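Colleague: Below is the file work_35.pdb, with PDB, C-alpha atoms and all ligand atoms.
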ATOM      1  CA  MET A   1       2.541   3.162   0.179
ATOM      2  CA  TYR A   2       3.814   3.136  -3.240
ATOM      3  CA  TYR A   3       3.828   3.794  -6.227
ATOM      4  CA  GLY A   4       4.737   4.599  -9.691
ATOM      5  CA  VAL A   5       3.189   7.262 -11.757
ATOM      6  CA  ILE A   6       0.130   6.392 -13.787
ATOM      7  CA  PRO A   7       0.131   5.926 -17.529
ATOM      8  CA  VAL A   8      -2.689   8.319 -18.323
ATOM      9  CA  MET A   9      -5.277   6.783 -20.630
ATOM     10  CA  ILE A  10      -7.140   9.996 -21.131
ATOM     11  CA  GLU A  11      -6.209  13.495 -20.062
ATOM     12  CA  LEU A  12      -8.328  14.195 -17.020
ATOM     13  CA  GLY A  13      -6.464  17.218 -15.741
ATOM     14  CA  TYR A  14      -4.852  15.085 -13.057
ATOM     15  CA  ASP A  15      -3.383  16.810 -10.058
ATOM     16  CA  TYR A  16       0.188  15.491  -9.961
ATOM     17  CA  PRO A  17       1.986  13.715  -8.460
ATOM     18  CA  LEU A  18      -0.337  10.796  -8.942
ATOM     19  CA  TYR A  19       0.343   7.325  -7.558
ATOM     20  CA  ARG A  20      -1.211   3.919  -7.825
ATOM     21  CA  PRO A  21      -0.140   0.412  -6.795
ATOM     22  CA  PRO A  22       1.779  -1.539  -9.479
ATOM     23  CA  SER A  23      -1.115  -3.977  -9.828
ATOM     24  CA  GLU A  24      -3.394  -1.114 -10.904
ATOM     25  CA  ALA A  25      -1.262  -0.409 -13.982
ATOM     26  CA  ASN A  26      -4.174  -1.165 -16.302
ATOM     27  CA  SER A  27      -6.887   0.470 -14.233
ATOM     28  CA  VAL A  28      -8.664   3.723 -14.878
ATOM     29  CA  ILE A  29      -7.811   6.164 -12.105
ATOM     30  CA  PHE A  30     -10.188   8.758 -10.747
ATOM     31  CA  GLN A  31      -8.831  11.233  -8.226
ATOM     32  CA  VAL A  32     -11.728  11.549  -5.815
ATOM     33  CA  THR A  33      -9.514  13.052  -3.118
ATOM     34  CA  LEU A  34      -6.201  14.866  -3.397
ATOM     35  CA  GLY A  35      -3.210  14.149  -1.177
ATOM     36  CA  CYS A  36      -3.322  12.186   2.057
ATOM     37  CA  SER A  37      -5.474  13.160   5.031
ATOM     38  CA  PHE A  38      -2.686  12.041   7.378
ATOM     39  CA  ASN A  39       0.492  12.892   5.449
ATOM     40  CA  LYS A  40       2.790  12.343   8.429
ATOM     41  CA  CYS A  41       4.531   8.998   7.865
ATOM     42  CA  SER A  42       8.178   9.962   8.061
ATOM     43  CA  PHE A  43       9.363   7.689   5.227
ATOM     44  CA  CYS A  44       6.693   8.752   2.725
ATOM     45  CA  ASN A  45       7.304  11.478   0.210
ATOM     46  CA  MET A  46       4.217  10.902  -1.904
ATOM     47  CA  TYR A  47       1.941  13.791  -1.080
ATOM     48  CA  ARG A  48       4.180  16.294   0.673
ATOM     49  CA  THR A  49       3.439  18.882  -1.988
ATOM     50  CA  LYS A  50      -0.344  18.595  -1.599
ATOM     51  CA  GLU A  51      -2.913  19.716   0.936
ATOM     52  CA  TYR A  52      -5.544  17.032   1.493
ATOM     53  CA  SER A  53      -8.862  17.897  -0.106
ATOM     54  CA  GLU A  54     -12.010  16.208  -1.344
ATOM     55  CA  ARG A  55     -12.933  16.894  -4.921
ATOM     56  CA  PRO A  56     -16.388  18.283  -5.633
ATOM     57  CA  TRP A  57     -18.966  15.787  -6.895
ATOM     58  CA  GLU A  58     -19.517  17.709 -10.133
ATOM     59  CA  GLU A  59     -15.834  17.397 -11.082
ATOM     60  CA  ILE A  60     -15.764  13.677 -10.299
ATOM     61  CA  LYS A  61     -18.995  13.094 -12.193
ATOM     62  CA  ASN A  62     -17.752  14.988 -15.257
ATOM     63  CA  GLU A  63     -14.592  12.896 -15.362
ATOM     64  CA  ILE A  64     -16.531   9.645 -15.028
ATOM     65  CA  ASP A  65     -18.799  10.791 -17.875
ATOM     66  CA  LEU A  66     -15.789  11.640 -20.027
ATOM     67  CA  VAL A  67     -13.948   8.355 -19.472
ATOM     68  CA  SER A  68     -17.076   6.232 -19.825
ATOM     69  CA  LYS A  69     -17.540   7.583 -23.337
ATOM     70  CA  SER A  70     -14.006   6.564 -24.413
ATOM     71  CA  TYR A  71     -13.573   3.424 -22.305
ATOM     72  CA  PRO A  72     -17.029   1.991 -21.615
ATOM     73  CA  GLN A  73     -15.561  -1.536 -21.309
ATOM     74  CA  THR A  74     -13.425  -0.572 -18.278
ATOM     75  CA  GLU A  75     -13.151  -3.432 -15.782
ATOM     76  CA  LYS A  76     -10.869  -2.027 -13.074
ATOM     77  CA  ILE A  77     -10.946   1.343 -11.364
ATOM     78  CA  PHE A  78      -8.605   2.765  -8.739
ATOM     79  CA  LEU A  79      -9.792   5.667  -6.604
ATOM     80  CA  ALA A  80      -6.901   8.037  -5.833
ATOM     81  CA  ASP A  81      -5.153   9.796  -4.076
ATOM     82  CA  GLY A  82      -3.704   8.546  -0.798
ATOM     83  CA  ASP A  83      -6.821   7.624   1.129
ATOM     84  CA  ALA A  84     -10.085   7.834  -0.771
ATOM     85  CA  LEU A  85     -11.632   5.851   2.076
ATOM     86  CA  ASN A  86     -11.486   9.037   4.142
ATOM     87  CA  LEU A  87     -14.510  10.263   2.196
ATOM     88  CA  SER A  88     -17.861   9.997   3.894
ATOM     89  CA  THR A  89     -19.688   6.754   3.239
ATOM     90  CA  SER A  90     -22.502   8.636   1.503
ATOM     91  CA  ARG A  91     -20.079  10.306  -0.934
ATOM     92  CA  LEU A  92     -18.382   6.977  -1.618
ATOM     93  CA  ILE A  93     -21.731   5.310  -2.294
ATOM     94  CA  GLN A  94     -22.636   8.148  -4.664
ATOM     95  CA  ILE A  95     -19.362   7.564  -6.569
ATOM     96  CA  LEU A  96     -19.663   3.758  -6.571
ATOM     97  CA  ASP A  97     -23.252   3.790  -7.801
ATOM     98  CA  TYR A  98     -22.421   6.223 -10.558
ATOM     99  CA  LEU A  99     -19.412   4.156 -11.651
ATOM    100  CA  LYS A 100     -21.516   1.012 -11.767
ATOM    101  CA  GLY A 101     -24.096   2.751 -13.922
ATOM    102  CA  LYS A 102     -21.479   4.033 -16.361
ATOM    103  CA  PHE A 103     -19.210   0.969 -16.619
ATOM    104  CA  PRO A 104     -21.355  -2.166 -17.040
ATOM    105  CA  ASN A 105     -18.325  -4.505 -17.136
ATOM    106  CA  LEU A 106     -16.770  -3.247 -13.923
ATOM    107  CA  LYS A 107     -15.128  -6.058 -11.952
ATOM    108  CA  ARG A 108     -13.054  -4.245  -9.343
ATOM    109  CA  ILE A 109     -12.908  -0.892  -7.585
ATOM    110  CA  SER A 110     -10.036  -0.340  -5.172
ATOM    111  CA  CYS A 111      -8.270   2.363  -3.182
ATOM    112  CA  TYR A 112      -5.560   2.890  -0.596
ATOM    113  CA  ALA A 113      -6.728   2.698   3.018
ATOM    114  CA  MET A 114      -5.041   3.528   6.301
ATOM    115  CA  PRO A 115      -5.912   1.543   9.428
ATOM    116  CA  LYS A 116      -7.406   4.808  10.716
ATOM    117  CA  ASN A 117      -9.741   5.090   7.694
ATOM    118  CA  LEU A 118     -10.944   1.530   8.203
ATOM    119  CA  LEU A 119     -11.512   1.962  11.917
ATOM    120  CA  GLN A 120     -13.506   5.143  11.307
ATOM    121  CA  LYS A 121     -16.071   3.161   9.335
ATOM    122  CA  SER A 122     -18.543   0.959  11.172
ATOM    123  CA  SER A 123     -18.928  -2.674  10.126
ATOM    124  CA  ASP A 124     -22.278  -1.751   8.577
ATOM    125  CA  GLU A 125     -20.615   0.960   6.507
ATOM    126  CA  LEU A 126     -17.863  -1.396   5.345
ATOM    127  CA  ASN A 127     -20.451  -4.035   4.453
ATOM    128  CA  LEU A 128     -22.440  -1.437   2.523
ATOM    129  CA  LEU A 129     -19.402  -0.169   0.600
ATOM    130  CA  ASN A 130     -18.434  -3.715  -0.287
ATOM    131  CA  SER A 131     -21.936  -4.549  -1.457
ATOM    132  CA  ARG A 132     -21.922  -1.444  -3.709
ATOM    133  CA  GLY A 133     -18.759  -2.457  -5.538
ATOM    134  CA  LEU A 134     -15.723  -1.237  -3.586
ATOM    135  CA  ASN A 135     -13.916  -4.511  -3.169
ATOM    136  CA  MET A 136     -10.200  -4.073  -2.564
ATOM    137  CA  PHE A 137      -7.989  -2.068  -0.209
ATOM    138  CA  TYR A 138      -4.254  -1.481  -0.304
ATOM    139  CA  VAL A 139      -3.071  -1.123   3.284
ATOM    140  CA  GLY A 140       0.422  -0.045   4.323
ATOM    141  CA  ILE A 141       1.352  -2.078   7.393
ATOM    142  CA  GLU A 142       5.031  -1.097   7.034
ATOM    143  CA  THR A 143       6.012  -2.815  10.309
ATOM    144  CA  GLY A 144       4.278  -4.734  13.062
ATOM    145  CA  HIS A 145       6.685  -3.473  15.723
ATOM    146  CA  ASP A 146       5.095  -0.809  17.915
ATOM    147  CA  ILE A 147       8.342   1.012  18.698
ATOM    148  CA  VAL A 148       9.183   1.339  15.021
ATOM    149  CA  LEU A 149       5.598   2.291  14.148
ATOM    150  CA  LYS A 150       5.975   5.164  16.598
ATOM    151  CA  LYS A 151       9.363   6.197  15.270
ATOM    152  CA  ILE A 152       8.092   6.372  11.698
ATOM    153  CA  THR A 153       4.989   8.258  12.921
ATOM    154  CA  LYS A 154       2.654   5.829  11.202
ATOM    155  CA  GLY A 155      -0.304   6.786  13.362
ATOM    156  CA  ALA A 156      -1.143   3.131  14.045
ATOM    157  CA  THR A 157      -0.210   0.306  16.387
ATOM    158  CA  ALA A 158       0.112  -3.389  15.672
ATOM    159  CA  LYS A 159      -3.208  -3.883  17.441
ATOM    160  CA  SER A 160      -5.033  -1.219  15.419
ATOM    161  CA  ILE A 161      -3.601  -2.559  12.158
ATOM    162  CA  ILE A 162      -4.777  -6.093  12.954
ATOM    163  CA  GLU A 163      -8.208  -4.878  14.019
ATOM    164  CA  ALA A 164      -8.634  -2.664  10.941
ATOM    165  CA  CYS A 165      -7.574  -5.372   8.508
ATOM    166  CA  ARG A 166      -9.680  -8.041  10.167
ATOM    167  CA  ARG A 167     -12.756  -5.852   9.944
ATOM    168  CA  ALA A 168     -12.125  -5.188   6.262
ATOM    169  CA  LYS A 169     -11.707  -8.896   5.557
ATOM    170  CA  LYS A 170     -14.811  -9.736   7.512
ATOM    171  CA  SER A 171     -16.770  -7.301   5.350
ATOM    172  CA  GLY A 172     -15.601  -9.146   2.252
ATOM    173  CA  PHE A 173     -12.754  -6.926   1.047
ATOM    174  CA  ILE A 174      -9.690  -8.235  -0.736
ATOM    175  CA  LEU A 175      -6.639  -6.983   1.146
ATOM    176  CA  SER A 176      -3.299  -6.173  -0.387
ATOM    177  CA  CYS A 177      -0.832  -5.197   2.337
ATOM    178  CA  MET A 178       2.629  -3.692   2.213
ATOM    179  CA  VAL A 179       5.550  -4.049   4.622
ATOM    180  CA  ILE A 180       8.956  -2.387   4.433
ATOM    181  CA  LEU A 181      12.216  -4.267   4.878
ATOM    182  CA  GLY A 182      14.903  -2.292   6.702
ATOM    183  CA  ILE A 183      12.563   0.285   8.224
ATOM    184  CA  GLY A 184      13.754  -0.395  11.777
ATOM    185  CA  GLY A 185      17.416   0.005  10.842
ATOM    186  CA  LYS A 186      20.037  -2.273  12.349
ATOM    187  CA  LYS A 187      18.965  -1.804  15.942
ATOM    188  CA  TYR A 188      15.360  -2.943  15.528
ATOM    189  CA  SER A 189      15.819  -5.239  12.553
ATOM    190  CA  VAL A 190      14.989  -8.565  14.219
ATOM    191  CA  GLU A 191      12.092  -7.286  16.335
ATOM    192  CA  HIS A 192      10.710  -5.302  13.397
ATOM    193  CA  ILE A 193      10.611  -8.250  11.064
ATOM    194  CA  LYS A 194       9.403 -10.821  13.612
ATOM    195  CA  GLU A 195       6.581  -8.556  14.737
ATOM    196  CA  THR A 196       5.765  -7.792  11.118
ATOM    197  CA  ALA A 197       5.490 -11.520  10.394
ATOM    198  CA  ARG A 198       3.213 -11.874  13.419
ATOM    199  CA  VAL A 199       0.898  -9.078  12.298
ATOM    200  CA  VAL A 200       0.842 -10.385   8.721
ATOM    201  CA  SER A 201       0.004 -13.871  10.017
ATOM    202  CA  GLU A 202      -2.858 -12.500  12.090
ATOM    203  CA  VAL A 203      -4.196 -10.459   9.187
ATOM    204  CA  SER A 204      -3.535 -13.093   6.493
ATOM    205  CA  PRO A 205      -4.045 -10.645   3.624
ATOM    206  CA  ASN A 206      -4.803 -11.937   0.141
ATOM    207  CA  PHE A 207      -1.675 -10.230  -1.164
ATOM    208  CA  LEU A 208       1.492  -9.132   0.587
ATOM    209  CA  ALA A 209       4.233  -6.960  -0.887
ATOM    210  CA  ALA A 210       7.570  -6.527   0.869
ATOM    211  CA  LEU A 211       9.303  -3.345  -0.234
ATOM    212  CA  THR A 212      12.705  -2.084   0.857
ATOM    213  CA  LEU A 213      13.250   1.244   2.592
ATOM    214  CA  ILE A 214      14.807   3.883   0.376
ATOM    215  CA  LEU A 215      14.638   7.387   1.787
ATOM    216  CA  GLU A 216      14.114  10.072  -0.799
ATOM    217  CA  ASP A 217      15.758  13.471  -0.352
ATOM    218  CA  GLY A 218      12.480  15.157   0.557
ATOM    219  CA  VAL A 219      11.999  13.085   3.715
ATOM    220  CA  TYR A 220      15.515  11.950   4.639
ATOM    221  CA  ASP A 221      16.125  14.591   7.332
ATOM    222  CA  GLU A 222      12.617  14.285   8.748
ATOM    223  CA  PHE A 223      12.886  10.502   8.951
ATOM    224  CA  MET A 224      16.211  10.705  10.786
ATOM    225  CA  HIS A 225      14.915  13.366  13.154
ATOM    226  CA  LYS A 226      11.682  11.543  13.990
ATOM    227  CA  PHE A 227      13.503   8.243  14.470
ATOM    228  CA  GLY A 228      14.885   9.844  17.604
ATOM    229  CA  GLU A 229      18.171   7.950  17.723
ATOM    230  CA  LYS A 230      20.887   6.905  15.335
ATOM    231  CA  PHE A 231      19.389   5.092  12.343
ATOM    232  CA  GLU A 232      21.777   2.665  10.697
ATOM    233  CA  PRO A 233      20.492   1.376   7.354
ATOM    234  CA  LEU A 234      20.737  -2.314   6.512
ATOM    235  CA  ASP A 235      23.202  -3.662   3.991
ATOM    236  CA  ASP A 236      22.052  -6.139   1.342
ATOM    237  CA  THR A 237      22.921  -9.211   3.417
ATOM    238  CA  SER A 238      20.870  -7.928   6.344
ATOM    239  CA  LEU A 239      17.970  -7.142   4.007
ATOM    240  CA  LEU A 240      18.072 -10.742   2.808
ATOM    241  CA  ASP A 241      18.168 -11.815   6.476
ATOM    242  CA  GLU A 242      14.979  -9.833   7.106
ATOM    243  CA  LEU A 243      13.336 -11.378   4.071
ATOM    244  CA  GLU A 244      14.258 -14.832   5.313
ATOM    245  CA  ILE A 245      12.902 -14.185   8.807
ATOM    246  CA  LEU A 246       9.730 -12.677   7.374
ATOM    247  CA  VAL A 247       8.975 -15.583   5.066
ATOM    248  CA  SER A 248       9.970 -18.160   7.715
ATOM    249  CA  ASN A 249       7.691 -16.638  10.316
ATOM    250  CA  ILE A 250       4.544 -15.894   8.326
ATOM    251  CA  LYS A 251       1.969 -18.500   9.268
ATOM    252  CA  PRO A 252      -1.181 -17.382   7.476
ATOM    253  CA  SER A 253      -4.616 -18.826   8.112
ATOM    254  CA  THR A 254      -5.368 -18.529   4.380
ATOM    255  CA  SER A 255      -3.083 -18.520   1.351
ATOM    256  CA  VAL A 256      -1.160 -15.269   0.749
ATOM    257  CA  VAL A 257       0.239 -14.209  -2.624
ATOM    258  CA  PHE A 258       3.644 -12.879  -1.627
ATOM    259  CA  ARG A 259       5.801 -10.551  -3.700
ATOM    260  CA  ALA A 260       9.132  -8.850  -3.046
ATOM    261  CA  ASN A 261       9.505  -7.605  -6.588
ATOM    262  CA  HIS A 262       9.144  -3.856  -6.128
ATOM    263  CA  ALA A 263      11.635  -1.463  -7.717
ATOM    264  CA  SER A 264      13.151  -0.957  -4.264
ATOM    265  CA  ASN A 265      13.973  -4.629  -3.661
ATOM    266  CA  VAL A 266      17.396  -6.229  -4.000
ATOM    267  CA  TYR A 267      15.956  -9.080  -6.085
ATOM    268  CA  SER A 268      12.565 -10.027  -7.491
ATOM    269  CA  ILE A 269      11.059 -12.836  -5.451
ATOM    270  CA  GLY A 270       7.539 -14.171  -5.190
ATOM    271  CA  GLY A 271       5.270 -17.129  -4.546
ATOM    272  CA  ASN A 272       2.317 -18.277  -2.505
ATOM    273  CA  LEU A 273       2.581 -18.647   1.261
ATOM    274  CA  PRO A 274       2.696 -21.115   2.818
ATOM    275  CA  ASP A 275       2.954 -23.435  -0.231
ATOM    276  CA  ASP A 276       6.087 -21.894  -1.748
ATOM    277  CA  LYS A 277       7.812 -21.064   1.528
ATOM    278  CA  ASP A 278      10.683 -23.540   1.101
ATOM    279  CA  LYS A 279      11.291 -22.510  -2.490
ATOM    280  CA  ILE A 280      11.417 -18.813  -1.570
ATOM    281  CA  LEU A 281      13.684 -19.436   1.422
ATOM    282  CA  SER A 282      16.066 -21.525  -0.624
ATOM    283  CA  LEU A 283      16.334 -18.715  -3.206
ATOM    284  CA  VAL A 284      16.911 -16.071  -0.523
ATOM    285  CA  ARG A 285      19.639 -18.194   1.096
ATOM    286  CA  SER A 286      21.369 -18.836  -2.201
ATOM    287  CA  LEU A 287      21.418 -15.103  -2.994
ATOM    288  CA  ARG A 288      23.570 -14.424   0.062
ATOM    289  CA  GLY A 289      26.500 -16.057  -1.707
ATOM    290  CA  HIS A 290      25.865 -14.241  -4.980
ATOM    291  CA  PRO A 291      25.871 -10.482  -4.481
ATOM    292  CA  GLU A 292      26.505 -10.085  -8.219
ATOM    293  CA  LEU A 293      22.916 -11.244  -8.816
ATOM    294  CA  LEU A 294      21.396  -8.445  -6.741
ATOM    295  CA  LYS A 295      19.942  -5.376  -8.387
ATOM    296  CA  PRO A 296      22.530  -2.560  -8.565
ATOM    297  CA  LYS A 297      21.756   0.123  -5.978
ATOM    298  CA  ILE A 298      21.482   2.786  -8.632
ATOM    299  CA  LEU A 299      18.506   0.974 -10.159
ATOM    300  CA  ARG A 300      16.576   0.709  -6.896
ATOM    301  CA  ARG A 301      13.903   3.246  -6.117
ATOM    302  CA  PHE A 302      11.024   3.552  -3.677
TER
HETATM  303  S1  LIG B 401      -0.825   7.206   5.123
HETATM  304 FE1  LIG B 401       0.162   6.455   3.247
HETATM  305  S2  LIG B 401       0.156   8.201   1.829
HETATM  306 FE2  LIG B 401      -0.276   9.012   3.865
HETATM  307  S3  LIG B 401       1.708   9.670   4.663
HETATM  308 FE3  LIG B 401       1.372   7.564   5.385
HETATM  309  S4  LIG B 401       2.318   6.222   3.844
HETATM  310 FE4  LIG B 401       2.095   8.271   2.916
END
Can you present the structure in this file as structure tokens?
Modeller:
Amino acid sequence: MYYGVIPVMIELGYDYPLYRPPSEANSVIFQVTLGCSFNKCSFCNMYRTKEYSERPWEEIKNEIDLVSKSYPQTEKIFLADGDALNLSTSRLIQILDYLKGKFPNLKRISCYAMPKNLLQKSSDELNLLNSRGLNMFYVGIETGHDIVLKKITKGATAKSIIEACRRAKKSGFILSCMVILGIGGKKYSVEHIKETARVVSEVSPNFLAALTLILEDGVYDEFMHKFGEKFEPLDDTSLLDELEILVSNIKPSTSVVFRANHASNVYSIGGNLPDDKDKILSLVRSLRGHPELLKPKILRRF
């Protein structure tokens, strides 16, 4: 899950580092939890410096009061940090109701969610949260291949990811999912990406982002150790191969807005699936013969 530091609209005494999805660049961010309640995915360096905690209601309320005075017209809110959905349903409802009362033009409230968070909520709870204004989740699928999911210590299986996402969709949530090219290394590349396409097809999220694995210093050794065998990273041609297999094999039941335009990617690509499949594939294939068009490695970051 991923990333980019927030442009702070108002100084709220944020607990850094602070992350939000790229599409929340113009949202107001409230940190209702700190860190990630799981914090074990071997590729993820986001919250390694933080202990997970839930912020007291009074602090959250004060910040909402403060921002609502300066930005009463706010339309989009992102609840940080890594998994605000880990909060109890009653606390979330308290936050959602208060936000609604303070921001009359609110159109969207979103947060990151792990499959585990989603599965811990009953369908009634998800329905209730959706009806009270929480309407979008960002879910890191990363891979649909069970062996790789285990090696990256994701704490989920393909089955649990599908089940979690289906339940969220059924309760009316917009889903934006992320997958990671290259996360199985050379050995698992084909299985990783085919299984990922299968899981994505079954979930059919509203949005899908394909990022590319870049291991930061803070997790490099841990990732290699947990992988349990030699991990050989993919070169740019193999990353384009994965992208081609992914796009070729996604057969969604509803239209998916697809993007591979993250800072980590070799090239910015996007379109709607399945409508733009041929166009995307033709671009990916043409890039194989033009390495000079790919983003220089030094400019790529996770
Ligand atoms: S659940 Fe998300 S934030 Fe937490 S460790 Fe895994 S990838 Fe990172």
Colleague: I need the residue set behind the PyMOL selection byres (((chain A and resi 186) around 7) and not hetatm) for this file; please write it as a list of chain:residue names.
Modeller: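 Applying the PyMOL selection byres (((chain A and resi 186) around 7) and not hetatm) to the structure shown produces A:Gly184, A:Gly185, A:Lys187, A:Tyr188, A:Ser189, A:Glu232, A:Pro233, A:Leu234.
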Colleague: Could the residues that lie within 9 Å of ligand LIG 401 (chain B), counting only C-alpha atoms and all ligand atoms, be listed as a PyMOL selection string?
Modeller: chain A and resi 1-2+35-48+81-83+112-116+139-140+142+153-155
Colleague: Write a file of the just-selected residues containing C-alpha atoms, as an mmCIF file, in the frame of the given file.
Modeller:
data_model
loop_
_atom_site.group_PDB
_atom_site.id
_atom_site.type_symbol
_atom_site.label_atom_id
_atom_site.label_comp_id
_atom_site.auth_asym_id
_atom_site.auth_seq_id
_atom_site.Cartn_x
_atom_site.Cartn_y
_atom_site.Cartn_z
ATOM 1 C CA MET A 1 2.541 3.162 0.179
ATOM 2 C CA TYR A 2 3.814 3.136 -3.240
ATOM 3 C CA GLY A 35 -3.210 14.149 -1.177
ATOM 4 C CA CYS A 36 -3.322 12.186 2.057
ATOM 5 C CA SER A 37 -5.474 13.160 5.031
ATOM 6 C CA PHE A 38 -2.686 12.041 7.378
ATOM 7 C CA ASN A 39 0.492 12.892 5.449
ATOM 8 C CA LYS A 40 2.790 12.343 8.429
ATOM 9 C CA CYS A 41 4.531 8.998 7.865
ATOM 10 C CA SER A 42 8.178 9.962 8.061
ATOM 11 C CA PHE A 43 9.363 7.689 5.227
ATOM 12 C CA CYS A 44 6.693 8.752 2.725
ATOM 13 C CA ASN A 45 7.304 11.478 0.210
ATOM 14 C CA MET A 46 4.217 10.902 -1.904
ATOM 15 C CA TYR A 47 1.941 13.791 -1.080
ATOM 16 C CA ARG A 48 4.180 16.294 0.673
ATOM 17 C CA ASP A 81 -5.153 9.796 -4.076
ATOM 18 C CA GLY A 82 -3.704 8.546 -0.798
ATOM 19 C CA ASP A 83 -6.821 7.624 1.129
ATOM 20 C CA TYR A 112 -5.560 2.890 -0.596
ATOM 21 C CA ALA A 113 -6.728 2.698 3.018
ATOM 22 C CA MET A 114 -5.041 3.528 6.301
ATOM 23 C CA PRO A 115 -5.912 1.543 9.428
ATOM 24 C CA LYS A 116 -7.406 4.808 10.716
ATOM 25 C CA VAL A 139 -3.071 -1.123 3.284
ATOM 26 C CA GLY A 140 0.422 -0.045 4.323
ATOM 27 C CA GLU A 142 5.031 -1.097 7.034
ATOM 28 C CA THR A 153 4.989 8.258 12.921
ATOM 29 C CA LYS A 154 2.654 5.829 11.202
ATOM 30 C CA GLY A 155 -0.304 6.786 13.362
#
Colleague: Evaluated on this file, the PyMOL selection byres (((chain A and resi 237-253) around 6) and not hetatm) picks out some residues - which ones are they, written as a list in words?
Modeller: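 This file gives the following for the PyMOL selection byres (((chain A and resi 237-253) around 6) and not hetatm): Ile193, Ala197, Ser201, Ser204, Leu234, Asp235, Asp236 and Thr254 of chain A.
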Colleague: Could you list the residues chosen by the PyMOL selection byres (((chain A and resi 15) around 12) and not hetatm) in this structure as a PyMOL selection string?
Modeller: chain A and resi 5-6+8+11-14+16-19+29-35+47+49-53+55+80-81
Colleague: Can you list, as number ranges by chain, every protein, DNA or RNA residue that comes within 10 Å of stretch 295-302 of chain A when you count only C-alpha atoms, leaving out same-chain residues fewer than 5 positions away?
Modeller: A: 1-4, 43-45, 211-216, 236, 262-268
Colleague: Just to be explicit: take each residue in the selection above, keep C-alpha atoms, and write the result as a short mmCIF file (atom, residue, chain, number, x, y, z; two decimals), in the coordinates of the input.
Modeller:
data_model
loop_
_atom_site.label_atom_id
_atom_site.label_comp_id
_atom_site.auth_asym_id
_atom_site.auth_seq_id
_atom_site.Cartn_x
_atom_site.Cartn_y
_atom_site.Cartn_z
CA MET A 1 2.54 3.16 0.18
CA TYR A 2 3.81 3.14 -3.24
CA TYR A 3 3.83 3.79 -6.23
CA GLY A 4 4.74 4.60 -9.69
CA PHE A 43 9.36 7.69 5.23
CA CYS A 44 6.69 8.75 2.72
CA ASN A 45 7.30 11.48 0.21
CA LEU A 211 9.30 -3.34 -0.23
CA THR A 212 12.70 -2.08 0.86
CA LEU A 213 13.25 1.24 2.59
CA ILE A 214 14.81 3.88 0.38
CA LEU A 215 14.64 7.39 1.79
CA GLU A 216 14.11 10.07 -0.80
CA ASP A 236 22.05 -6.14 1.34
CA HIS A 262 9.14 -3.86 -6.13
CA ALA A 263 11.64 -1.46 -7.72
CA SER A 264 13.15 -0.96 -4.26
CA ASN A 265 13.97 -4.63 -3.66
CA VAL A 266 17.40 -6.23 -4.00
CA TYR A 267 15.96 -9.08 -6.08
CA SER A 268 12.56 -10.03 -7.49
#
Colleague: Just how far from atom CA of A:Gly182 is atom CA of A:Phe258, in Å to one decimal?
Modeller: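 Interatomic distance here is 17.6 Å.
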Colleague: Atom CA of A:Leu92 and atom CA of A:Arg132, how far apart in Å?
Modeller: 9.4 Å
Colleague: What gap, in Å, lies between atom CA of A:Asn272 and atom CA of A:Ser176?
Modeller: 13.5 Å
Colleague: Taking (-16.3, -4.0, 2.8) in the coordinates of the supplied file, I want to know which residues reach to within 9 Å of it, counting all atoms listed in the file; could you give the answer as a list in words?
Modeller: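 Output: Ser123, Asp124, Glu125, Leu126, Asn127, Leu128, Leu129, Asn130, Ser131, Arg132, Gly133, Leu134, Asn135, Met136, Arg167, Ala168, Lys169, Lys170, Ser171, Gly172, Phe173 and Ile174 of chain A.
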Colleague: Given the choices A:Asn261, A:Ser27, A:Ser160, A:Gln120, which gets closest to A:Lys76 if the distance is worked out from only C-alpha atoms?
Modeller: A:Ser27
Colleague: I'd like the contact shell of A:Ser68 - 8 Å cut-off, all atoms listed in the file, skipping same-chain residues fewer than 6 positions apart - returned as a PyMOL selection string.
Modeller: chain A and resi 74+102-103
Colleague: Please identify all polymer residues within 6 Å of A:Ala210, counting all atoms listed in the file, omitting same-chain residues fewer than 4 positions from it, and present them as a PyMOL selection string.
Modeller: chain A and resi 178-180+260
Colleague: Hey, can I get the axis-aligned box for stretch 131-142 of chain A? All listed atoms, 6 Å padding on each side, centre and edge lengths in Å to one decimal, as JSON.
Modeller:
{"center_x": -8.5, "center_y": -2.3, "center_z": 0.9, "size_x": 39.0, "size_y": 16.5, "size_z": 24.9}
Colleague: Tell me which of A:Phe223, A:Arg91, A:Ala164, A:Arg285 sits closest to A:Glu58, counting all atoms listed in the file.
Modeller: A:Arg91
